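To keep things clear, I will list the structure first and then write my remarks on it.
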Amino acid sequence: MTELNRLKTIGDDAADLADRAAALDSSDPLAGFRNQFIGSGDPTITAYLDGNSLGRPLLVTRDRISSFVDQIWAKRLIRAWDEGWMDDPVRIGDQIGRVVLGAAPGQTVVGDSTSVMLYKWIRAAVASQPGRDEIVVDIGNFPTDRFVVEGIAAELRMRLRWLEADRRSGITVDQVSAVIGSRTALILLSDVAYRSGYLADVPAITELAHDHESLVLWDVCHSAGVIPLRLDDWQVDLAVGCTYKYLNGGPGSPAFGYVRADLQHRLRQPIQGWMGSAEPFTMAAHYVPSDGIRRFLSGTPSIIGMLAMQDMLALIEQAGLEAIRAKSVALTQYAIEISDQLLAPLGVEIGSPRDPAVRGSHVTLEHPEFRVATARLWECGVIPDFRPPDGLRIGLSPLSTSFGEVYQGLAAVRDVL
Ligand SMILES: *Cc1c(COP(=O)(O)O)cnc(C)c1O
């Protein structure tokens with residue numbers, strides 16, 4: 001093909017792809033949710049492709065925050081702790097459990113950050129496994145997960161068994177099977193790989209862990225709110241996740257953590273603060289852990305940080321997680337289709353699984369120029385994120401992302417390249 005013909009073919013493909021975006025948007029049963037997000041009509045934001053890093057704010061959140069300040073904080077003052085704030089970490093935890101985790105009440109709590117919660121959960125888990133001195137962890141896991149577990153291994157003289165997955169996919173059952181044994185205290189993995197978007201086989205790996213009497217901790221930062229989870233049915237031991245990604249809790253909103261009900265009494269968390277003690281306001285001489293999931297709290301939780309996520313949880317419940325997953329698959333499929341047609345001729349490769357059954361809600365595209373390209377894209381209101389060495393991450397949040405936005409964004413990637 002001559003250069004001119006090649007460009008002409010790309011031009012024809014682009015017209016077809018743009019038509020497809022319009023058709024997909026008009027038949028999208030969730031399309032109506034998009035205008036409930038502030039900024040969805042902002043002409044300076046051509047395409048927001050990073051809802052997996054920071055979800056957009058909802059219109060109702062603006063009212064919730066201002067009425068919280070005026071009506072509750074200002075008027076109820078310290079009395080509000082007794083009137084609801086004390087219960088918020090567990091009440092909202094139960095809401096997260098019901099709407100996104102497939103978890104019965106009393107097993108999920110909100111507080112800390114994901115990093116701090118990972119520390120507490122890992123530390124509590126390994127302390128409950130005396131005589132076992134190994135932790136299995138994925139070298140492709142998000143930095144904070146690896147850094148925290150490295151610190152714990154050094155603190156307790158434990159050995160880390162690093163798994164190395166294919167960069168474009170993720171950890172398999174066979175890989176875990178090859179290293180797990182009678183010394184394994186804990187397996188720490190992410191269900192959706194933050195780079196490739198690969199979706200691990202949570203039920204199978206969890207079962208394998210249990211066959212060896214190991215515990216398993218799933219980091220669900222990149223699945224919570226976008227992929228239906230069944231933590232109770234899968235008999236998952238422990239999980240932690242973010243609320244500012246697909247749960248739109250806002251920058252720095254607190255994390256959530258899940259501990260299976262029958263494990264709770266066995267685990268002693270390492271940051272024994274007063275908020276997780278049996279009776280915080282008796283100002284007791286010594287620490288006695290609270291019953292149930294509350295014992296995993298440490299200090300005063302961020303009540304203001306828990307406001308926005310409640311609005312997104314309500315919206316997810318209304319839309320239905322199965323419908324959200326269906327749109328997520330359609331969005332990532334469409335992004336791959338555009339990349340194959342418009343970007344592959346420019347040297348772009350797909351760094352994510354092509355099979356939607358093992359793909360989360362983001363797609364990573366690879367090209368050596370993406371670091372430079374990302375800065376140019378941000379300047380023109382197209383906002384994906386860059387993950388070294390050469391990955392452009394296209395994060396698609398089904399309730400706030402349209403197919404038209406995906407098309408506009410990826411057409412801009414082509415132009416910038
Ligand atoms: C986003 C993310 C985190 C973030 O941790 P913070 O403590 O909130 O900064 C941790 N782990 C994974 C897998 C993530 O994707």
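Just so we're on the same page: first chain in the structure tokens is A, next is B, and so on; residues restart at 1 for each chain, and ligands are numbered from 1 in the order they show up.
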
Using only C-alpha atoms, which residues sit within 12 Å of A:Gly170 once same-chain residues fewer than 5 positions away are excluded, as a PyMOL selection string? chain A and resi 138-141+163-165+175-176+189-201+351-353+358-360

Write the residues of the preceding selection, restricted to C-alpha atoms, as an mmCIF file, in the first residue's frame.
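Below is the file that was written, out-v4.cif:
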data_model
loop_
_atom_site.group_PDB
_atom_site.id
_atom_site.type_symbol
_atom_site.label_atom_id
_atom_site.label_comp_id
_atom_site.auth_asym_id
_atom_site.auth_seq_id
_atom_site.Cartn_x
_atom_site.Cartn_y
_atom_site.Cartn_z
ATOM 1 C CA ASP A 138 2.959 -10.322 42.263
ATOM 2 C CA ILE A 139 5.893 -8.267 40.990
ATOM 3 C CA GLY A 140 3.494 -6.500 38.623
ATOM 4 C CA ASN A 141 1.297 -5.390 41.521
ATOM 5 C CA LEU A 163 5.378 -14.039 40.902
ATOM 6 C CA GLU A 164 6.156 -12.547 37.529
ATOM 7 C CA ALA A 165 3.327 -12.411 35.033
ATOM 8 C CA GLN A 175 1.795 -19.688 38.740
ATOM 9 C CA VAL A 176 0.365 -19.525 42.243
ATOM 10 C CA LEU A 189 -2.794 -10.140 44.620
ATOM 11 C CA SER A 190 -4.883 -7.598 42.730
ATOM 12 C CA ASP A 191 -7.933 -9.001 40.970
ATOM 13 C CA VAL A 192 -7.545 -6.480 38.128
ATOM 14 C CA ALA A 193 -3.933 -5.684 37.173
ATOM 15 C CA TYR A 194 -3.480 -1.923 37.335
ATOM 16 C CA ARG A 195 -1.393 -1.886 34.183
ATOM 17 C CA SER A 196 -2.807 -4.472 31.761
ATOM 18 C CA GLY A 197 -6.339 -4.624 33.153
ATOM 19 C CA TYR A 198 -6.094 -8.436 33.336
ATOM 20 C CA LEU A 199 -8.794 -9.972 35.514
ATOM 21 C CA ALA A 200 -7.486 -12.825 37.661
ATOM 22 C CA ASP A 201 -9.447 -15.966 38.501
ATOM 23 C CA GLY A 351 -1.133 -4.108 26.224
ATOM 24 C CA SER A 352 -4.333 -5.663 27.611
ATOM 25 C CA PRO A 353 -6.148 -8.975 27.184
ATOM 26 C CA VAL A 358 -10.362 -11.654 31.537
ATOM 27 C CA ARG A 359 -10.325 -7.879 31.104
ATOM 28 C CA GLY A 360 -11.334 -5.189 33.582
#

I'd like a table as a tab-separated table: residues in chain A with an atom no more than 6 Å from ligand 1, each row giving the shortest atom pair and its distance in Å to one decimal, only C-alpha atoms and all ligand atoms counted, sorted by chain and rising residue number.
residue	atom	partner	partner_atom_place_in_ligand_line	distance
A:Ser113	CA	ligand 1	7 (O)	4.5
A:Thr114	CA	ligand 1	7 (O)	3.8
A:Ser115	CA	ligand 1	7 (O)	3.6
A:Phe142	CA	ligand 1	13 (C)	4.7
A:Thr144	CA	ligand 1	10 (C)	5.7
A:Asp145	CA	ligand 1	11 (N)	5.8
A:Ser190	CA	ligand 1	13 (C)	5.9
A:Tyr194	CA	ligand 1	15 (O)	5.5
A:Asp219	CA	ligand 1	13 (C)	5.8
A:Cys221	CA	ligand 1	15 (O)	4.9
A:His222	CA	ligand 1	15 (O)	5.7
A:Cys242	CA	ligand 1	8 (O)	5.9

Output as an mmCIF file with C-alpha atoms, in the first residue's frame all residues of stretch 96-316 of chain A that backbone DSSP marks as helix (DSSP H, G or I).
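The resulting file, part-v8.cif, is reproduced below:
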data_model
loop_
_atom_site.group_PDB
_atom_site.id
_atom_site.type_symbol
_atom_site.label_atom_id
_atom_site.label_comp_id
_atom_site.auth_asym_id
_atom_site.auth_seq_id
_atom_site.Cartn_x
_atom_site.Cartn_y
_atom_site.Cartn_z
ATOM 1 C CA ILE A 96 -20.220 -1.116 49.756
ATOM 2 C CA GLY A 97 -20.521 -4.784 50.723
ATOM 3 C CA ARG A 98 -24.067 -5.028 49.425
ATOM 4 C CA VAL A 99 -23.722 -2.947 46.258
ATOM 5 C CA VAL A 100 -20.281 -3.887 44.970
ATOM 6 C CA LEU A 101 -18.614 -6.708 46.906
ATOM 7 C CA THR A 114 -5.625 1.763 50.837
ATOM 8 C CA SER A 115 -1.907 1.726 51.672
ATOM 9 C CA VAL A 116 -2.482 1.884 55.435
ATOM 10 C CA MET A 117 -5.276 -0.647 55.248
ATOM 11 C CA LEU A 118 -3.055 -3.006 53.262
ATOM 12 C CA TYR A 119 -0.483 -2.759 56.037
ATOM 13 C CA LYS A 120 -3.060 -3.527 58.716
ATOM 14 C CA TRP A 121 -4.700 -6.367 56.815
ATOM 15 C CA ILE A 122 -1.434 -8.064 55.757
ATOM 16 C CA ARG A 123 0.086 -7.693 59.218
ATOM 17 C CA ALA A 124 -3.014 -9.090 60.921
ATOM 18 C CA ALA A 125 -3.235 -11.971 58.444
ATOM 19 C CA VAL A 126 0.366 -13.157 58.768
ATOM 20 C CA ALA A 127 0.296 -12.849 62.567
ATOM 21 C CA PRO A 143 3.802 -0.104 43.892
ATOM 22 C CA THR A 144 2.146 0.588 47.236
ATOM 23 C CA ASP A 145 1.114 -3.068 47.599
ATOM 24 C CA ARG A 146 4.683 -4.227 46.924
ATOM 25 C CA PHE A 147 6.314 -1.578 49.091
ATOM 26 C CA VAL A 148 4.054 -2.263 52.066
ATOM 27 C CA VAL A 149 4.609 -6.006 51.894
ATOM 28 C CA GLU A 150 8.381 -5.525 51.527
ATOM 29 C CA GLY A 151 8.335 -3.524 54.751
ATOM 30 C CA ILE A 152 6.346 -6.170 56.573
ATOM 31 C CA ALA A 153 8.640 -8.951 55.325
ATOM 32 C CA ALA A 154 11.661 -7.027 56.637
ATOM 33 C CA GLU A 155 9.934 -6.290 59.954
ATOM 34 C CA LEU A 156 8.965 -9.932 60.551
ATOM 35 C CA VAL A 173 -3.665 -20.267 38.892
ATOM 36 C CA ASP A 174 -0.704 -22.363 37.729
ATOM 37 C CA GLN A 175 1.795 -19.688 38.740
ATOM 38 C CA VAL A 176 0.365 -19.525 42.243
ATOM 39 C CA SER A 177 0.239 -23.298 42.389
ATOM 40 C CA ALA A 178 3.960 -23.506 41.629
ATOM 41 C CA VAL A 179 5.021 -21.532 44.714
ATOM 42 C CA VAL A 202 -10.379 -14.946 42.043
ATOM 43 C CA PRO A 203 -12.488 -18.017 42.944
ATOM 44 C CA ALA A 204 -9.892 -20.530 41.693
ATOM 45 C CA ILE A 205 -6.905 -18.822 43.333
ATOM 46 C CA THR A 206 -8.840 -18.403 46.570
ATOM 47 C CA GLU A 207 -9.718 -22.102 46.583
ATOM 48 C CA LEU A 208 -6.106 -23.029 45.882
ATOM 49 C CA ALA A 209 -4.983 -20.862 48.805
ATOM 50 C CA HIS A 210 -7.433 -22.614 51.095
ATOM 51 C CA ASP A 211 -6.278 -26.062 49.943
ATOM 52 C CA ALA A 261 -16.992 -12.835 59.381
ATOM 53 C CA ASP A 262 -15.563 -16.083 60.780
ATOM 54 C CA LEU A 263 -11.987 -14.770 60.562
ATOM 55 C CA GLN A 264 -12.540 -11.519 62.438
ATOM 56 C CA HIS A 265 -12.089 -12.823 65.975
ATOM 57 C CA ARG A 266 -8.832 -14.552 64.937
ATOM 58 C CA TRP A 274 -9.147 3.924 70.387
ATOM 59 C CA MET A 275 -11.739 3.914 67.583
ATOM 60 C CA GLY A 276 -11.360 0.171 67.154
ATOM 61 C CA PRO A 280 -13.924 4.233 72.902
ATOM 62 C CA PHE A 281 -15.592 6.688 75.267
ATOM 63 C CA THR A 282 -14.863 4.872 78.514
ATOM 64 C CA GLY A 292 -16.755 -7.568 64.771
ATOM 65 C CA ILE A 293 -15.417 -5.498 61.899
ATOM 66 C CA ARG A 294 -15.083 -2.325 64.042
ATOM 67 C CA ARG A 295 -11.906 -3.727 65.580
ATOM 68 C CA PHE A 296 -10.125 -2.957 62.333
ATOM 69 C CA ILE A 304 -16.329 14.244 55.193
ATOM 70 C CA GLY A 305 -14.350 11.856 52.991
ATOM 71 C CA MET A 306 -17.203 9.351 53.086
ATOM 72 C CA LEU A 307 -19.859 11.687 51.657
ATOM 73 C CA ALA A 308 -19.362 11.508 47.901
ATOM 74 C CA MET A 309 -18.998 7.739 47.642
ATOM 75 C CA GLN A 310 -22.516 7.303 49.028
ATOM 76 C CA ASP A 311 -23.945 9.094 46.008
ATOM 77 C CA MET A 312 -22.036 6.917 43.556
ATOM 78 C CA LEU A 313 -23.011 3.763 45.449
ATOM 79 C CA ALA A 314 -26.664 4.773 45.138
ATOM 80 C CA LEU A 315 -26.223 5.374 41.411
ATOM 81 C CA ILE A 316 -24.471 2.025 40.902
#

Env of A:Gly299: 9 Å cut, atoms = only C-alpha atoms, seq-sep filter 2 positions within chain, self excluded. Answer as a PyMOL selection string. chain A and resi 111-112+271-276+297+301

I'd like a table as a Markdown table: residues in stretch 45-111 of chain A with an atom no more than 9 Å from stretch 404-407 of chain A, each row giving the shortest atom pair and its distance in Å to one decimal, only C-alpha atoms counted, sorted by chain and rising residue number.
| residue | atom | partner | partner_atom | distance |
| --- | --- | --- | --- | --- |
| A:Thr46 | CA | A:Glu405 | CA | 6.8 |
| A:Ala47 | CA | A:Glu405 | CA | 4.9 |
| A:Tyr48 | CA | A:Glu405 | CA | 7.3 |
| A:Leu49 | CA | A:Val406 | CA | 7.5 |

So which one's closest to A:Leu346, A:Leu24, A:Val363, A:Val413, A:Val110? Using only C-alpha atoms, please. A:Val413

Quick one: residues within 10 Å of A:Ala103, only C-alpha atoms, excluding same-chain residues fewer than 5 positions away - as a ChimeraX atom specification? /A:93-98,108,229-233,235-236,258-261

Could the residues in this selection be saved with N, CA, C and O atoms as a PDB file, in the first residue's frame?
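The file below, again-v9.pdb, is the result:
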ATOM      1  N   GLY A  93     -19.664   0.870  55.018  1.00  0.00           N
ATOM      2  CA  GLY A  93     -19.012  -0.396  54.669  1.00  0.00           C
ATOM      3  C   GLY A  93     -20.038  -1.438  54.231  1.00  0.00           C
ATOM      4  O   GLY A  93     -19.856  -2.124  53.220  1.00  0.00           O
ATOM      5  N   ASP A  94     -21.142  -1.526  54.975  1.00  0.00           N
ATOM      6  CA  ASP A  94     -22.201  -2.482  54.602  1.00  0.00           C
ATOM      7  C   ASP A  94     -22.798  -2.153  53.232  1.00  0.00           C
ATOM      8  O   ASP A  94     -23.137  -3.052  52.457  1.00  0.00           O
ATOM      9  N   GLN A  95     -22.918  -0.841  52.977  1.00  0.00           N
ATOM     10  CA  GLN A  95     -23.458  -0.420  51.672  1.00  0.00           C
ATOM     11  C   GLN A  95     -22.511  -0.860  50.549  1.00  0.00           C
ATOM     12  O   GLN A  95     -22.950  -1.386  49.520  1.00  0.00           O
ATOM     13  N   ILE A  96     -21.212  -0.673  50.750  1.00  0.00           N
ATOM     14  CA  ILE A  96     -20.220  -1.116  49.756  1.00  0.00           C
ATOM     15  C   ILE A  96     -20.301  -2.640  49.609  1.00  0.00           C
ATOM     16  O   ILE A  96     -20.288  -3.176  48.500  1.00  0.00           O
ATOM     17  N   GLY A  97     -20.414  -3.322  50.747  1.00  0.00           N
ATOM     18  CA  GLY A  97     -20.521  -4.784  50.723  1.00  0.00           C
ATOM     19  C   GLY A  97     -21.710  -5.233  49.887  1.00  0.00           C
ATOM     20  O   GLY A  97     -21.582  -6.119  49.035  1.00  0.00           O
ATOM     21  N   ARG A  98     -22.847  -4.610  50.117  1.00  0.00           N
ATOM     22  CA  ARG A  98     -24.067  -5.028  49.425  1.00  0.00           C
ATOM     23  C   ARG A  98     -24.032  -4.679  47.932  1.00  0.00           C
ATOM     24  O   ARG A  98     -24.337  -5.500  47.083  1.00  0.00           O
ATOM     25  N   THR A 108     -17.377  -5.325  56.226  1.00  0.00           N
ATOM     26  CA  THR A 108     -16.679  -4.295  55.470  1.00  0.00           C
ATOM     27  C   THR A 108     -16.638  -3.020  56.294  1.00  0.00           C
ATOM     28  O   THR A 108     -17.637  -2.651  56.915  1.00  0.00           O
ATOM     29  N   LEU A 229     -18.557  -8.464  42.065  1.00  0.00           N
ATOM     30  CA  LEU A 229     -17.731  -9.344  42.906  1.00  0.00           C
ATOM     31  C   LEU A 229     -18.653 -10.161  43.791  1.00  0.00           C
ATOM     32  O   LEU A 229     -19.750  -9.722  44.136  1.00  0.00           O
ATOM     33  N   ARG A 230     -18.201 -11.360  44.158  1.00  0.00           N
ATOM     34  CA  ARG A 230     -18.989 -12.235  45.033  1.00  0.00           C
ATOM     35  C   ARG A 230     -18.088 -12.722  46.154  1.00  0.00           C
ATOM     36  O   ARG A 230     -17.817 -13.913  46.278  1.00  0.00           O
ATOM     37  N   LEU A 231     -17.579 -11.799  46.950  1.00  0.00           N
ATOM     38  CA  LEU A 231     -16.580 -12.167  47.955  1.00  0.00           C
ATOM     39  C   LEU A 231     -17.077 -13.255  48.906  1.00  0.00           C
ATOM     40  O   LEU A 231     -16.329 -14.169  49.236  1.00  0.00           O
ATOM     41  N   ASP A 232     -18.336 -13.153  49.342  1.00  0.00           N
ATOM     42  CA  ASP A 232     -18.858 -14.178  50.266  1.00  0.00           C
ATOM     43  C   ASP A 232     -18.920 -15.545  49.573  1.00  0.00           C
ATOM     44  O   ASP A 232     -18.451 -16.540  50.116  1.00  0.00           O
ATOM     45  N   ASP A 233     -19.504 -15.581  48.384  1.00  0.00           N
ATOM     46  CA  ASP A 233     -19.641 -16.860  47.670  1.00  0.00           C
ATOM     47  C   ASP A 233     -18.277 -17.482  47.375  1.00  0.00           C
ATOM     48  O   ASP A 233     -18.136 -18.698  47.381  1.00  0.00           O
ATOM     49  N   GLN A 235     -15.721 -17.196  49.150  1.00  0.00           N
ATOM     50  CA  GLN A 235     -15.060 -17.427  50.436  1.00  0.00           C
ATOM     51  C   GLN A 235     -13.721 -16.720  50.557  1.00  0.00           C
ATOM     52  O   GLN A 235     -12.752 -17.242  51.135  1.00  0.00           O
ATOM     53  N   VAL A 236     -13.672 -15.532  49.976  1.00  0.00           N
ATOM     54  CA  VAL A 236     -12.471 -14.698  50.081  1.00  0.00           C
ATOM     55  C   VAL A 236     -12.224 -14.389  51.555  1.00  0.00           C
ATOM     56  O   VAL A 236     -13.163 -14.177  52.326  1.00  0.00           O
ATOM     57  N   TYR A 258     -12.435  -5.531  53.744  1.00  0.00           N
ATOM     58  CA  TYR A 258     -13.354  -6.648  54.014  1.00  0.00           C
ATOM     59  C   TYR A 258     -12.591  -7.722  54.779  1.00  0.00           C
ATOM     60  O   TYR A 258     -11.458  -8.070  54.429  1.00  0.00           O
ATOM     61  N   VAL A 259     -13.203  -8.224  55.844  1.00  0.00           N
ATOM     62  CA  VAL A 259     -12.660  -9.383  56.558  1.00  0.00           C
ATOM     63  C   VAL A 259     -13.823 -10.362  56.739  1.00  0.00           C
ATOM     64  O   VAL A 259     -14.852  -9.996  57.332  1.00  0.00           O
ATOM     65  N   ARG A 260     -13.672 -11.575  56.226  1.00  0.00           N
ATOM     66  CA  ARG A 260     -14.753 -12.556  56.314  1.00  0.00           C
ATOM     67  C   ARG A 260     -15.157 -12.768  57.773  1.00  0.00           C
ATOM     68  O   ARG A 260     -14.295 -12.849  58.657  1.00  0.00           O
ATOM     69  N   ALA A 261     -16.464 -12.851  58.012  1.00  0.00           N
ATOM     70  CA  ALA A 261     -16.992 -12.835  59.381  1.00  0.00           C
ATOM     71  C   ALA A 261     -16.285 -13.824  60.311  1.00  0.00           C
ATOM     72  O   ALA A 261     -15.876 -13.469  61.416  1.00  0.00           O
TER      73      ALA A 261
END

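If you measure from each of A:Tyr246, A:Phe33, A:Phe256, A:Tyr287 to A:Ala224 using only C-alpha atoms, the closest one turns out to be A:Tyr246.
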
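In this structure, atom CA of A:Val240 sits 11.3 Å away from atom CA of A:Val216.
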
Please run DSSP on the backbone and report, as a short mmCIF file (atom, residue, chain, number, x, y, z; two decimals) with N, CA, C and O atoms, in the first residue's frame, all residues within stretch 334-388 of chain A that come out as strand (DSSP E or B).
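Final output, out-v6.cif:
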data_model
loop_
_atom_site.label_atom_id
_atom_site.label_comp_id
_atom_site.auth_asym_id
_atom_site.auth_seq_id
_atom_site.Cartn_x
_atom_site.Cartn_y
_atom_site.Cartn_z
N GLU A 349 0.43 -0.81 20.02
CA GLU A 349 0.05 -2.19 20.32
C GLU A 349 -0.87 -2.23 21.54
O GLU A 349 -0.85 -1.33 22.37
N ILE A 350 -1.64 -3.31 21.63
CA ILE A 350 -2.58 -3.47 22.76
C ILE A 350 -1.84 -4.16 23.90
O ILE A 350 -1.32 -5.26 23.72
N ARG A 359 -10.73 -9.28 31.20
CA ARG A 359 -10.32 -7.88 31.10
C ARG A 359 -11.22 -7.03 32.00
O ARG A 359 -12.43 -7.20 32.02
N HIS A 362 -10.28 -1.11 31.95
CA HIS A 362 -9.36 -0.22 31.24
C HIS A 362 -8.54 -1.01 30.23
O HIS A 362 -8.43 -2.23 30.32
N VAL A 363 -8.04 -0.25 29.25
CA VAL A 363 -7.23 -0.85 28.18
C VAL A 363 -5.93 -0.06 28.14
O VAL A 363 -5.94 1.16 28.19
N THR A 364 -4.82 -0.78 28.08
CA THR A 364 -3.53 -0.10 27.97
C THR A 364 -3.00 -0.23 26.55
O THR A 364 -2.98 -1.33 25.99
N LEU A 365 -2.66 0.91 25.98
CA LEU A 365 -2.08 0.94 24.64
C LEU A 365 -0.60 1.22 24.79
O LEU A 365 -0.20 1.95 25.71
N GLU A 366 0.22 0.65 23.92
CA GLU A 366 1.66 0.82 24.07
C GLU A 366 2.29 1.43 22.82
O GLU A 366 1.99 1.00 21.70
N VAL A 382 -7.87 15.98 26.45
CA VAL A 382 -8.03 14.52 26.34
C VAL A 382 -7.18 13.93 27.45
O VAL A 382 -5.97 14.14 27.49
N ILE A 383 -7.84 13.24 28.40
CA ILE A 383 -7.16 12.90 29.66
C ILE A 383 -7.14 11.40 29.93
O ILE A 383 -8.00 10.88 30.64
N ASP A 385 -4.11 8.33 31.27
CA ASP A 385 -2.88 8.50 32.03
C ASP A 385 -1.78 7.62 31.47
O ASP A 385 -2.03 6.72 30.65
N PHE A 386 -0.56 7.94 31.88
CA PHE A 386 0.61 7.27 31.34
C PHE A 386 1.18 6.35 32.40
O PHE A 386 1.30 6.75 33.56
N ARG A 387 1.51 5.14 32.02
CA ARG A 387 2.16 4.22 32.96
C ARG A 387 3.45 3.72 32.31
O ARG A 387 3.40 3.13 31.23
#
